[in-house]
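Structure, as structure tokens:
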Amino acid sequence: MHAMIRRVFRYGLSVFIAACGIAGIHPQQNTQYTLDELVELGLQHNPMMAASSLEVAAQEAAYQASKRLFNPELALWFGRADSYDKLVERNTHGFTVTQPLENPFKRSRRIQMRKFAWEEVAAYRDLRALEVAYDIKNQYYSLLLLQKKLELLTQIEQSIQETHRLIQKRAELGEVKELEAIKLYVETLQAKKGLTQLRTELDLARESLNNLLANTLPPDFQVSGELAFQPIAAEEENLLARALAGHPLIVAKQLQLEQTRSNISYVKWQRLPDLSLTGFSNSELDGINRGLGVALDIPLWNFKGKELAEAENLSYQSEQELNALRLDLAKEVNARLRRTRLAEETLAIFSTGLLSQAEQSLKLAEISYREGEISLLDFLDSQRTYISILRDYVDALFSWNAEKAALEKAVGEEIQ
């Protein structure tokens, strides 16, 4: 008997250990995601981010390749030589090795342009990351908004159902008219309809967010967090200075301008000739000829006047585009900050007592209705007013978070 118990115990222990091992090998996938986790996943899996990263890698490879020397040229020849008197006849052959050597000043400018091109593409990748993070934040805040509205409407539906059951009992006792119970039943149906619509919108918003992350999230994922509010302490001058100094689009345009300036120097240094070193060995009719040679390509007929004019005009164009971009960015930062401040003022109205007053008013109306002091229409109006105020408050929270995300996009970095 004891032996059987021991065998059963050992078998159960082995099953438990195996189950633990399987659980360790296949951990349960996370279904709750914070905003930081979503942004991180988006930067890792978003297709446009992947494309931008590949472009940066390609430009880096091009920059590294630009530092290498030009390939040498090898020429082989074979022939048959006869003397003029036809007394000597011999096979001939030879080879030539030529190594082009670029003007060192022109070479340094060419490499510098490739470096600027690589850094410019990297800046545009950072800009893409900024845009992806902004899109994810918007979808995240939209989900929080819908979840909050769903929670509020669920509470309202439960409250209406409780009131409806109470009124129905009172109607059965003849204390109130049957019409009031019917009106509350209609309100219940409307609340259920609103819940169905919100759940549909929530599913669509969840799909939109998952699409931004290349559908890497599980179908039943949820977002965690709240529509928080913390007034922005930074001033406009500080935000504008940060935007003009480090915004990825500004950085990209500055690198583009430096690239055009380097191109002007590159064209000018093309006026200095390049070299070609040549080594040769020729087996000719009367012997072998070996030696070294130097060749120069002299810019005699083309002094790069046309190319220089084009390079200077492109540089001037890039400079003006950078100036215009700075003006547009300053305008965008100013506009986004104003909208964020306006959203803060709206939230201040709610926090100074409007929410508490609305909640207290609804409680008084509910008590008054149950005691017969006010009519059903007055109670429903009080309830609709309370719901409207709560929805306005949640919408104001969403607007502030969305405007803050847009301001961060305009500035080019997170704002604490």
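So you can find residues: chains in the structure tokens are A, B, ... in the order shown, residues in each start at 1, and ligands are numbered from 1 in order.
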(request) Name the residues in contact with Ala343 of chain A at a cut-off of 9 Å, using only C-alpha atoms, excluding same-chain residues fewer than 4 positions from it; report them as a ChimeraX atom specification. (result) /A:338-339,347-348,396-397,399-401,403
Pull the closest atom pair for each residue of segment 257-309 of chain A that gets at most 12 Å from segment 116-129 of chain A, along with the distance in Å to one decimal, counting only C-alpha atoms, ordering rows by chain and then ascending residue number, as a Markdown table.
```
| residue | atom | partner | partner_atom | distance |
| --- | --- | --- | --- | --- |
| A:Leu257 | CA | A:Phe116 | CA | 9.2 |
| A:Glu258 | CA | A:Phe116 | CA | 7.1 |
| A:Gln259 | CA | A:Phe116 | CA | 5.7 |
| A:Thr260 | CA | A:Phe116 | CA | 9.5 |
| A:Arg261 | CA | A:Phe116 | CA | 10.6 |
| A:Ser262 | CA | A:Phe116 | CA | 9.1 |
| A:Asn263 | CA | A:Phe116 | CA | 10.7 |
```
Produce a file of the selected residues containing C-alpha atoms, as a PDB file, in the first residue's frame.
```
ATOM      1  CA  LEU A 257      23.015  72.034 -46.750  1.00  0.00           C
ATOM      2  CA  GLU A 258      26.459  70.833 -45.667  1.00  0.00           C
ATOM      3  CA  GLN A 259      26.357  68.269 -48.438  1.00  0.00           C
ATOM      4  CA  THR A 260      25.672  70.958 -51.058  1.00  0.00           C
ATOM      5  CA  ARG A 261      28.494  73.102 -49.667  1.00  0.00           C
ATOM      6  CA  SER A 262      30.876  70.181 -49.848  1.00  0.00           C
ATOM      7  CA  ASN A 263      29.739  69.646 -53.425  1.00  0.00           C
TER       8      ASN A 263
END
```
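Nearest residue to Val223 of chain A, choosing from A:Ile111, A:Leu209, A:Leu322, A:Ile387 and counting only C-alpha atoms: A:Leu209.
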(message) When you count only C-alpha atoms, which of these residues is closest to Tyr63 of chain A: A:Asp395, A:Tyr84, A:Arg384, A:Ser108?
(response) A:Ser108
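The smallest atom-to-atom distance between Leu144 of chain A and any of A:Ala252, A:Ala358, A:Ala233, A:Ala205, using only C-alpha atoms, is found for A:Ala205.
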(message) Need to verify the contact set: Asp297 of chain A, 10 Å, only C-alpha atoms, exclusion of same-chain residues closer than 2 positions in sequence. Can you return it as a ChimeraX atom specification?
(response) /A:271-276,295,299-300
(request) Rank nothing, just name the residue among A:Ala241, A:Leu130, A:Leu213, A:Ala81 nearest to Gly42 of chain A, using only C-alpha atoms. (result) A:Leu213
(message) Measuring between only C-alpha atoms, which one of A:Leu314, A:Ala191, A:Leu329, A:Ala324 shows the shortest distance to Leu240 of chain A?
(response) A:Leu329
Neighbours of Tyr33 of chain A within 7 Å (only C-alpha atoms; same-chain residues fewer than 5 positions away dropped), as a compact mmCIF listing (two decimals) with N, CA and C atoms, in the first residue's frame?
```txt
# COMPACT_ATOMS: atom_id res chain seq x y z
N LEU A 38 4.41 49.86 -26.10
CA LEU A 38 3.85 49.94 -27.45
C LEU A 38 4.77 50.72 -28.39
N GLN A 222 -4.71 44.36 -24.43
CA GLN A 222 -5.32 45.51 -23.78
C GLN A 222 -4.22 46.54 -23.51
N VAL A 223 -4.62 47.79 -23.42
CA VAL A 223 -3.67 48.85 -23.06
C VAL A 223 -3.92 49.24 -21.62
N SER A 224 -2.83 49.47 -20.91
CA SER A 224 -2.93 49.86 -19.51
C SER A 224 -2.45 51.30 -19.36
```
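Closest to Leu76 of chain A among A:Leu146, A:Ser281, A:Leu355, A:Leu217 is A:Ser281, based on only C-alpha atoms.
Distance-wise, atom CA of Ser52 of chain A and atom CA of Leu212 of chain A end up 15.0 Å apart.
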(request) Run DSSP on the backbone of this structure and report the residues of segment 199-248 of chain A it assigns to alpha helix (DSSP H), as an MDAnalysis selection string. (result) chainID A and resid 199:212 236:246 248
What would the file look like if the residues just selected were written as an mmCIF file, in the first residue's frame with N, CA and C atoms?
```cif
data_model
loop_
_atom_site.group_PDB
_atom_site.id
_atom_site.type_symbol
_atom_site.label_atom_id
_atom_site.label_comp_id
_atom_site.auth_asym_id
_atom_site.auth_seq_id
_atom_site.Cartn_x
_atom_site.Cartn_y
_atom_site.Cartn_z
ATOM 1 N N ARG A 199 -18.097 49.360 -28.077
ATOM 2 C CA ARG A 199 -17.292 48.126 -28.195
ATOM 3 C C ARG A 199 -16.807 47.942 -29.632
ATOM 4 N N THR A 200 -17.653 48.277 -30.598
ATOM 5 C CA THR A 200 -17.231 48.190 -31.998
ATOM 6 C C THR A 200 -16.103 49.176 -32.289
ATOM 7 N N GLU A 201 -16.258 50.416 -31.822
ATOM 8 C CA GLU A 201 -15.204 51.413 -32.014
ATOM 9 C C GLU A 201 -13.912 50.990 -31.320
ATOM 10 N N LEU A 202 -14.057 50.364 -30.159
ATOM 11 C CA LEU A 202 -12.878 49.902 -29.424
ATOM 12 C C LEU A 202 -12.145 48.813 -30.197
ATOM 13 N N ASP A 203 -12.873 47.888 -30.785
ATOM 14 C CA ASP A 203 -12.243 46.833 -31.585
ATOM 15 C C ASP A 203 -11.532 47.417 -32.803
ATOM 16 N N LEU A 204 -12.166 48.376 -33.464
ATOM 17 C CA LEU A 204 -11.543 49.004 -34.633
ATOM 18 C C LEU A 204 -10.287 49.774 -34.244
ATOM 19 N N ALA A 205 -10.348 50.487 -33.119
ATOM 20 C CA ALA A 205 -9.172 51.232 -32.661
ATOM 21 C C ALA A 205 -8.045 50.280 -32.280
ATOM 22 N N ARG A 206 -8.391 49.138 -31.696
ATOM 23 C CA ARG A 206 -7.373 48.150 -31.340
ATOM 24 C C ARG A 206 -6.713 47.585 -32.593
ATOM 25 N N GLU A 207 -7.502 47.338 -33.629
ATOM 26 C CA GLU A 207 -6.939 46.845 -34.886
ATOM 27 C C GLU A 207 -6.021 47.886 -35.529
ATOM 28 N N SER A 208 -6.415 49.150 -35.469
ATOM 29 C CA SER A 208 -5.585 50.211 -36.048
ATOM 30 C C SER A 208 -4.244 50.298 -35.338
ATOM 31 N N LEU A 209 -4.261 50.192 -34.013
ATOM 32 C CA LEU A 209 -3.006 50.226 -33.262
ATOM 33 C C LEU A 209 -2.145 49.021 -33.587
ATOM 34 N N ASN A 210 -2.758 47.860 -33.703
ATOM 35 C CA ASN A 210 -2.001 46.646 -34.013
ATOM 36 C C ASN A 210 -1.385 46.726 -35.408
ATOM 37 N N ASN A 211 -2.077 47.386 -36.338
ATOM 38 C CA ASN A 211 -1.521 47.545 -37.677
ATOM 39 C C ASN A 211 -0.245 48.376 -37.662
ATOM 40 N N LEU A 212 -0.201 49.388 -36.796
ATOM 41 C CA LEU A 212 1.017 50.200 -36.680
ATOM 42 C C LEU A 212 2.201 49.371 -36.189
ATOM 43 N N GLU A 236 7.769 78.777 -24.010
ATOM 44 C CA GLU A 236 7.831 78.712 -25.463
ATOM 45 C C GLU A 236 9.257 78.883 -25.976
ATOM 46 N N GLU A 237 10.026 79.805 -25.382
ATOM 47 C CA GLU A 237 11.391 80.049 -25.851
ATOM 48 C C GLU A 237 12.252 78.796 -25.710
ATOM 49 N N ASN A 238 12.074 78.103 -24.574
ATOM 50 C CA ASN A 238 12.849 76.894 -24.342
ATOM 51 C C ASN A 238 12.478 75.796 -25.328
ATOM 52 N N LEU A 239 11.184 75.606 -25.548
ATOM 53 C CA LEU A 239 10.738 74.576 -26.486
ATOM 54 C C LEU A 239 11.190 74.892 -27.902
ATOM 55 N N LEU A 240 11.126 76.173 -28.268
ATOM 56 C CA LEU A 240 11.528 76.551 -29.619
ATOM 57 C C LEU A 240 13.023 76.338 -29.821
ATOM 58 N N ALA A 241 13.820 76.667 -28.806
ATOM 59 C CA ALA A 241 15.271 76.454 -28.918
ATOM 60 C C ALA A 241 15.591 74.971 -29.064
ATOM 61 N N ARG A 242 14.887 74.136 -28.318
ATOM 62 C CA ARG A 242 15.112 72.692 -28.427
ATOM 63 C C ARG A 242 14.707 72.172 -29.795
ATOM 64 N N ALA A 243 13.617 72.694 -30.334
ATOM 65 C CA ALA A 243 13.153 72.241 -31.653
ATOM 66 C C ALA A 243 14.136 72.643 -32.743
ATOM 67 N N LEU A 244 14.588 73.886 -32.729
ATOM 68 C CA LEU A 244 15.481 74.366 -33.784
ATOM 69 C C LEU A 244 16.869 73.749 -33.686
ATOM 70 N N ALA A 245 17.213 73.232 -32.505
ATOM 71 C CA ALA A 245 18.542 72.650 -32.340
ATOM 72 C C ALA A 245 18.579 71.158 -32.637
ATOM 73 N N GLY A 246 17.505 70.456 -32.297
ATOM 74 C CA GLY A 246 17.607 69.001 -32.390
ATOM 75 C C GLY A 246 16.498 68.286 -33.118
ATOM 76 N N PRO A 248 14.690 66.277 -35.796
ATOM 77 C CA PRO A 248 15.287 65.474 -36.876
ATOM 78 C C PRO A 248 15.168 66.112 -38.249
#
```
For Ala62 of chain A: contacts at 10 Å, only C-alpha atoms, fewer than 2 positions along chain excluded, given as a PDB file with C-alpha atoms, in the first residue's frame:
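Wrote selection_8.pdb, looks like this:
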```
ATOM      1  CA  VAL A  56      20.492  53.930 -43.412  1.00  0.00           C
ATOM      2  CA  ALA A  57      22.481  50.686 -43.620  1.00  0.00           C
ATOM      3  CA  ALA A  58      22.754  51.057 -47.395  1.00  0.00           C
ATOM      4  CA  GLN A  59      23.989  54.652 -47.095  1.00  0.00           C
ATOM      5  CA  GLU A  60      26.522  53.642 -44.461  1.00  0.00           C
ATOM      6  CA  GLN A  64      32.472  53.039 -46.300  1.00  0.00           C
ATOM      7  CA  ALA A  65      32.904  52.053 -49.945  1.00  0.00           C
ATOM      8  CA  SER A  66      33.642  55.656 -50.933  1.00  0.00           C
ATOM      9  CA  LYS A  67      36.861  55.571 -48.893  1.00  0.00           C
ATOM     10  CA  ILE A 111      33.925  61.130 -49.047  1.00  0.00           C
ATOM     11  CA  ARG A 114      28.829  60.502 -48.758  1.00  0.00           C
ATOM     12  CA  LYS A 115      29.133  60.889 -44.989  1.00  0.00           C
ATOM     13  CA  ALA A 117      24.271  61.728 -47.144  1.00  0.00           C
ATOM     14  CA  TRP A 118      24.460  58.841 -44.686  1.00  0.00           C
TER      15      TRP A 118
END
```
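Of note, atom CA of Ala214 of chain A and atom CA of Asp135 of chain A are spaced 13.3 Å apart.
Atom pair atom CA of Ser318 of chain A / atom CA of Ile250 of chain A: separated by 11.6 Å.
Taking segment 178-400 of chain A and asking which residues DSSP calls strand (DSSP E or B) on the backbone, you get Gln222, Val223, Leu275, Ser276, Leu277, Thr278, Gly279, Phe280, Ser281, Asn282, Ser283, Glu284, Gly287, Ile288, Asn289, Arg290, Gly291, Leu292, Gly293, Val294, Ala295 and Leu296 of chain A.
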